[in-house]
Amino acid sequence: MQKIKAIVIKASDRKEKDKNILLFSLEEGKIWATLKGVKSPNAKMKIAQNPFCFGEYILEEGKAGKIVTSFEAIETFHEISEDVDKYFEGTSILEILNAVEISNEAERVKLFMLAIKALKSLCFDNNQNLCVLNKFLLSLFEILGTPIVTGKCSCCGNKTFDKIYIDYSTGELVCTNCVKFGCEELAKTTYAALKILQQTDFDQLKTLKLAEGSPLGLLRVLVRNFENRYDRNLHLVGILS
């Protein structure tokens with residue numbers, strides 16, 4: 001028997017009444033497990049299959065893998081599914097969790113706590129659209145040891161920027177003197193948003209009002225940075241597609 005605290009990333013049909021669920025757990029990272037009979041009308045663990053659901057799962061080894069034998073909800077985050085903007089933003093967070101590779105326990109714990117903070121902020125706070133998703137990605141880079149905003153040029157160390165560029169081959173910011181092929185100039189609103197978001201905790205995001213157009217512009221930069229750095233494509237359905 002194995003007891004874990006986990007978030008449901010996604011679910012898929014298995015047989016007539018079963019579901020396979022991909023869990024992101026505090027203890028083990030990503031785990032596939034099966035919910036037996038969960039598609040029956042009176043299934044006791046019906047809620048345990050829902051994306052965003054956060055709870056305590058009891059798993060046991062079966063012939064074809066892990067089986068969920070018990071579940072207790074901690075927070076369902078069902079409000080996210082009731083608002084179309086929150087839903088697309090939330091499913092994008094889950095897509096990123098599914099795509100990212102975690103190399104050690106420290107990263108896993110930090111990423112799990114980051115995911116909970118992001119979903120809570122998205123679910124319960126009145127944030128500007130895309131602020132939570134952008135903050136999540138920006139924080140993810142810091143957890144993985146690849147922060148974007150360091151306050152200086154990553155090449156020469158210059159702390160004074162007339163113009164600022166992002167080098168997508170490294171995911172770092174450079175000044176005019178260090179620009180090379182593959183670099184792209186950042187709009188001032190995008191750079192300002194990066195700095196503001198880095199300094200703002202999730203529980204304070206509701207107080208932010210970024211310049212019109214900057215949240216989407218910022219997201220495109222962060223997504224491109226993620227894809228180039230980790231060689232993973234993100235679709236972010238409803239937002240970028």
# chains A, B, ... in the order shown; residues from 1 in each chain; ligands from 1
>>> closest_atom_pairs(of="range 50-100 of chain A", to="range 105-117 of chain A", cutoff="9 Å", atoms="only C-alpha atoms", output="tab-separated table")
residue	atom	partner	partner_atom	distance
A:Phe54	CA	A:Ile116	CA	8.4
A:Ile93	CA	A:Ala115	CA	7.7
A:Leu94	CA	A:Ala115	CA	8.6
A:Leu97	CA	A:Ala115	CA	8.2
>>> write_last_selection(atoms="C-alpha atoms", output="PDB file, in the first residue's frame")
ATOM      1  CA  PHE A  54      -5.988  17.555  -5.045  1.00  0.00           C
ATOM      2  CA  ILE A  93      -0.597  24.641 -15.881  1.00  0.00           C
ATOM      3  CA  LEU A  94      -1.416  20.921 -15.919  1.00  0.00           C
ATOM      4  CA  LEU A  97       3.419  19.841 -15.205  1.00  0.00           C
TER       5      LEU A  97
END
>>> residues_around(residues="Cys178 in chain A", least_positions_apart="3", cutoff="7 Å", atoms="only C-alpha atoms", output="list in words")
Cys155, Val174 and Cys175 of chain A
>>> residues_around(residues="Asp203 in chain A", least_positions_apart="4", cutoff="10 Å", atoms="only C-alpha atoms", output="PyMOL selection string")
chain A and resi 117-118+120-122+124-125+127+207
>>> select_by_dssp(residues="range 32-241 of chain A", states="strand (DSSP E)", output="PyMOL selection string")
chain A and resi 32-35+54-62+65-75+165-167+172-174+183-185
>>> write_last_selection(atoms="C-alpha atoms", output="PDB file, in the first residue's frame")
ATOM      1  CA  TRP A  32      -0.220   6.561 -13.530  1.00  0.00           C
ATOM      2  CA  ALA A  33      -2.964   4.771 -11.589  1.00  0.00           C
ATOM      3  CA  THR A  34      -6.329   3.160 -12.331  1.00  0.00           C
ATOM      4  CA  LEU A  35      -9.705   4.016 -10.810  1.00  0.00           C
ATOM      5  CA  PHE A  54      -5.988  17.555  -5.045  1.00  0.00           C
ATOM      6  CA  GLY A  55      -6.282  14.844  -2.465  1.00  0.00           C
ATOM      7  CA  GLU A  56      -4.825  11.894  -0.616  1.00  0.00           C
ATOM      8  CA  TYR A  57      -4.717   8.731  -2.719  1.00  0.00           C
ATOM      9  CA  ILE A  58      -4.156   5.197  -1.443  1.00  0.00           C
ATOM     10  CA  LEU A  59      -2.548   3.015  -4.120  1.00  0.00           C
ATOM     11  CA  GLU A  60      -1.970  -0.707  -4.325  1.00  0.00           C
ATOM     12  CA  GLU A  61      -0.107  -2.764  -6.904  1.00  0.00           C
ATOM     13  CA  GLY A  62      -2.331  -4.665  -9.334  1.00  0.00           C
ATOM     14  CA  GLY A  65      -0.123  -1.356 -12.467  1.00  0.00           C
ATOM     15  CA  LYS A  66      -1.203   0.809  -9.558  1.00  0.00           C
ATOM     16  CA  ILE A  67      -4.858   0.874  -8.485  1.00  0.00           C
ATOM     17  CA  VAL A  68      -6.520   3.583  -6.394  1.00  0.00           C
ATOM     18  CA  THR A  69      -8.231   1.843  -3.480  1.00  0.00           C
ATOM     19  CA  SER A  70      -9.135   4.911  -1.411  1.00  0.00           C
ATOM     20  CA  PHE A  71      -9.338   8.667  -1.857  1.00  0.00           C
ATOM     21  CA  GLU A  72      -9.939  11.695   0.336  1.00  0.00           C
ATOM     22  CA  ALA A  73     -10.306  15.125  -1.263  1.00  0.00           C
ATOM     23  CA  ILE A  74      -8.294  18.016   0.132  1.00  0.00           C
ATOM     24  CA  GLU A  75      -9.357  20.606  -2.488  1.00  0.00           C
ATOM     25  CA  TYR A 165      17.187  41.027 -25.365  1.00  0.00           C
ATOM     26  CA  ILE A 166      16.467  37.380 -24.613  1.00  0.00           C
ATOM     27  CA  ASP A 167      18.835  34.740 -25.930  1.00  0.00           C
ATOM     28  CA  GLU A 172      18.943  34.333 -20.476  1.00  0.00           C
ATOM     29  CA  LEU A 173      18.783  38.101 -20.881  1.00  0.00           C
ATOM     30  CA  VAL A 174      21.554  40.040 -22.590  1.00  0.00           C
ATOM     31  CA  CYS A 183      18.377  36.861 -29.672  1.00  0.00           C
ATOM     32  CA  GLU A 184      15.150  38.848 -29.696  1.00  0.00           C
ATOM     33  CA  GLU A 185      14.471  42.277 -28.243  1.00  0.00           C
TER      34      GLU A 185
END
>>> select_by_dssp(residues="range 63-162 of chain A", states="alpha helix (DSSP H)", output="JSON list (two decimals) with C-alpha atoms, in the first residue's frame")
[["chain", "number", "residue", "atom", "x", "y", "z"],
["A", 84, "VAL", "CA", -13.71, 29.37, -19.23],
["A", 85, "ASP", "CA", -10.72, 31.70, -18.80],
["A", 86, "LYS", "CA", -9.65, 30.02, -15.56],
["A", 87, "TYR", "CA", -10.18, 26.61, -17.13],
["A", 88, "PHE", "CA", -7.87, 27.26, -20.08],
["A", 89, "GLU", "CA", -5.27, 28.80, -17.78],
["A", 90, "GLY", "CA", -5.55, 25.88, -15.36],
["A", 91, "THR", "CA", -5.28, 23.19, -18.04],
["A", 92, "SER", "CA", -2.18, 24.98, -19.33],
["A", 93, "ILE", "CA", -0.60, 24.64, -15.88],
["A", 94, "LEU", "CA", -1.42, 20.92, -15.92],
["A", 95, "GLU", "CA", 0.05, 20.58, -19.43],
["A", 96, "ILE", "CA", 3.30, 22.16, -18.23],
["A", 97, "LEU", "CA", 3.42, 19.84, -15.21],
["A", 98, "ASN", "CA", 3.01, 16.92, -17.58],
["A", 99, "ALA", "CA", 5.78, 18.16, -19.87],
["A", 105, "GLU", "CA", 13.50, 15.44, -4.74],
["A", 106, "ALA", "CA", 14.10, 19.11, -3.92],
["A", 107, "GLU", "CA", 12.79, 20.18, -7.34],
["A", 108, "ARG", "CA", 9.79, 17.86, -7.02],
["A", 109, "VAL", "CA", 8.74, 19.24, -3.64],
["A", 110, "LYS", "CA", 9.16, 22.86, -4.75],
["A", 111, "LEU", "CA", 7.26, 22.24, -7.99],
["A", 112, "PHE", "CA", 4.43, 20.50, -6.14],
["A", 113, "MET", "CA", 4.06, 23.42, -3.73],
["A", 114, "LEU", "CA", 4.24, 25.85, -6.66],
["A", 115, "ALA", "CA", 1.43, 23.99, -8.43],
["A", 116, "ILE", "CA", -0.81, 24.12, -5.34],
["A", 117, "LYS", "CA", -0.16, 27.85, -4.88],
["A", 118, "ALA", "CA", -0.90, 28.53, -8.54],
["A", 119, "LEU", "CA", -4.16, 26.55, -8.56],
["A", 120, "LYS", "CA", -5.33, 28.19, -5.33],
["A", 121, "SER", "CA", -4.61, 31.65, -6.69],
["A", 122, "LEU", "CA", -6.30, 30.86, -9.99],
["A", 123, "CYS", "CA", -9.33, 29.32, -8.29],
["A", 124, "PHE", "CA", -10.04, 31.75, -5.48],
["A", 131, "CYS", "CA", -1.11, 36.41, -14.49],
["A", 132, "VAL", "CA", -1.14, 33.08, -12.65],
["A", 133, "LEU", "CA", 0.10, 31.12, -15.66],
["A", 134, "ASN", "CA", 2.91, 33.61, -16.29],
["A", 135, "LYS", "CA", 3.92, 33.60, -12.63],
["A", 136, "PHE", "CA", 3.87, 29.80, -12.63],
["A", 137, "LEU", "CA", 6.23, 29.58, -15.62],
["A", 138, "LEU", "CA", 8.54, 32.28, -14.28],
["A", 139, "SER", "CA", 8.75, 30.49, -10.92],
["A", 140, "LEU", "CA", 9.25, 27.14, -12.64],
["A", 141, "PHE", "CA", 12.42, 28.42, -14.32],
["A", 142, "GLU", "CA", 13.78, 29.51, -10.94],
["A", 143, "ILE", "CA", 13.06, 26.08, -9.41]]
>>> residues_around(residues="Val223 in chain A", least_positions_apart="3", cutoff="10 Å", atoms="only C-alpha atoms", output="VMD selection string")
chain A and resid 96 134 137 to 138 218 to 220 226 to 229 232 to 236 240
>>> decode(residues="range 73-93 of chain A", atoms="N, CA and C atoms", output="PDB file, in the first residue's frame")
ATOM      1  N   ALA A  73     -10.560  13.825  -0.632  1.00  0.00           N
ATOM      2  CA  ALA A  73     -10.306  15.125  -1.263  1.00  0.00           C
ATOM      3  C   ALA A  73      -9.778  16.129  -0.248  1.00  0.00           C
ATOM      4  N   ILE A  74      -8.790  16.884  -0.653  1.00  0.00           N
ATOM      5  CA  ILE A  74      -8.294  18.016   0.132  1.00  0.00           C
ATOM      6  C   ILE A  74      -8.846  19.309  -0.452  1.00  0.00           C
ATOM      7  N   GLU A  75      -8.776  19.455  -1.785  1.00  0.00           N
ATOM      8  CA  GLU A  75      -9.357  20.606  -2.488  1.00  0.00           C
ATOM      9  C   GLU A  75      -9.637  20.189  -3.926  1.00  0.00           C
ATOM     10  N   THR A  76     -10.879  20.337  -4.365  1.00  0.00           N
ATOM     11  CA  THR A  76     -11.234  19.909  -5.721  1.00  0.00           C
ATOM     12  C   THR A  76     -10.929  20.965  -6.782  1.00  0.00           C
ATOM     13  N   PHE A  77     -10.849  22.229  -6.391  1.00  0.00           N
ATOM     14  CA  PHE A  77     -10.645  23.326  -7.340  1.00  0.00           C
ATOM     15  C   PHE A  77     -11.690  23.303  -8.461  1.00  0.00           C
ATOM     16  N   HIS A  78     -12.909  22.861  -8.136  1.00  0.00           N
ATOM     17  CA  HIS A  78     -13.935  22.720  -9.172  1.00  0.00           C
ATOM     18  C   HIS A  78     -14.327  24.061  -9.788  1.00  0.00           C
ATOM     19  N   GLU A  79     -14.099  25.165  -9.050  1.00  0.00           N
ATOM     20  CA  GLU A  79     -14.443  26.484  -9.588  1.00  0.00           C
ATOM     21  C   GLU A  79     -13.657  26.816 -10.861  1.00  0.00           C
ATOM     22  N   ILE A  80     -12.479  26.234 -10.990  1.00  0.00           N
ATOM     23  CA  ILE A  80     -11.680  26.488 -12.198  1.00  0.00           C
ATOM     24  C   ILE A  80     -12.417  26.015 -13.444  1.00  0.00           C
ATOM     25  N   SER A  81     -13.091  24.892 -13.344  1.00  0.00           N
ATOM     26  CA  SER A  81     -13.806  24.324 -14.495  1.00  0.00           C
ATOM     27  C   SER A  81     -15.085  25.082 -14.815  1.00  0.00           C
ATOM     28  N   GLU A  82     -15.524  25.971 -13.931  1.00  0.00           N
ATOM     29  CA  GLU A  82     -16.769  26.706 -14.140  1.00  0.00           C
ATOM     30  C   GLU A  82     -16.552  28.065 -14.803  1.00  0.00           C
ATOM     31  N   ASP A  83     -15.302  28.451 -15.016  1.00  0.00           N
ATOM     32  CA  ASP A  83     -14.967  29.728 -15.652  1.00  0.00           C
ATOM     33  C   ASP A  83     -14.057  29.424 -16.831  1.00  0.00           C
ATOM     34  N   VAL A  84     -14.442  29.789 -18.040  1.00  0.00           N
ATOM     35  CA  VAL A  84     -13.711  29.369 -19.231  1.00  0.00           C
ATOM     36  C   VAL A  84     -12.279  29.900 -19.241  1.00  0.00           C
ATOM     37  N   ASP A  85     -12.077  31.146 -18.811  1.00  0.00           N
ATOM     38  CA  ASP A  85     -10.724  31.702 -18.796  1.00  0.00           C
ATOM     39  C   ASP A  85      -9.846  30.974 -17.770  1.00  0.00           C
ATOM     40  N   LYS A  86     -10.401  30.744 -16.588  1.00  0.00           N
ATOM     41  CA  LYS A  86      -9.652  30.016 -15.564  1.00  0.00           C
ATOM     42  C   LYS A  86      -9.375  28.583 -15.997  1.00  0.00           C
ATOM     43  N   TYR A  87     -10.344  27.985 -16.691  1.00  0.00           N
ATOM     44  CA  TYR A  87     -10.183  26.605 -17.130  1.00  0.00           C
ATOM     45  C   TYR A  87      -9.013  26.466 -18.114  1.00  0.00           C
ATOM     46  N   PHE A  88      -8.959  27.343 -19.115  1.00  0.00           N
ATOM     47  CA  PHE A  88      -7.866  27.263 -20.081  1.00  0.00           C
ATOM     48  C   PHE A  88      -6.521  27.542 -19.417  1.00  0.00           C
ATOM     49  N   GLU A  89      -6.508  28.491 -18.495  1.00  0.00           N
ATOM     50  CA  GLU A  89      -5.268  28.801 -17.784  1.00  0.00           C
ATOM     51  C   GLU A  89      -4.855  27.619 -16.896  1.00  0.00           C
ATOM     52  N   GLY A  90      -5.831  27.015 -16.234  1.00  0.00           N
ATOM     53  CA  GLY A  90      -5.554  25.879 -15.359  1.00  0.00           C
ATOM     54  C   GLY A  90      -5.073  24.665 -16.125  1.00  0.00           C
ATOM     55  N   THR A  91      -5.717  24.348 -17.252  1.00  0.00           N
ATOM     56  CA  THR A  91      -5.285  23.193 -18.040  1.00  0.00           C
ATOM     57  C   THR A  91      -3.894  23.427 -18.629  1.00  0.00           C
ATOM     58  N   SER A  92      -3.534  24.677 -18.861  1.00  0.00           N
ATOM     59  CA  SER A  92      -2.184  24.984 -19.326  1.00  0.00           C
ATOM     60  C   SER A  92      -1.156  24.677 -18.238  1.00  0.00           C
ATOM     61  N   ILE A  93      -1.487  24.982 -16.991  1.00  0.00           N
ATOM     62  CA  ILE A  93      -0.597  24.641 -15.881  1.00  0.00           C
ATOM     63  C   ILE A  93      -0.414  23.124 -15.797  1.00  0.00           C
TER      64      ILE A  93
END
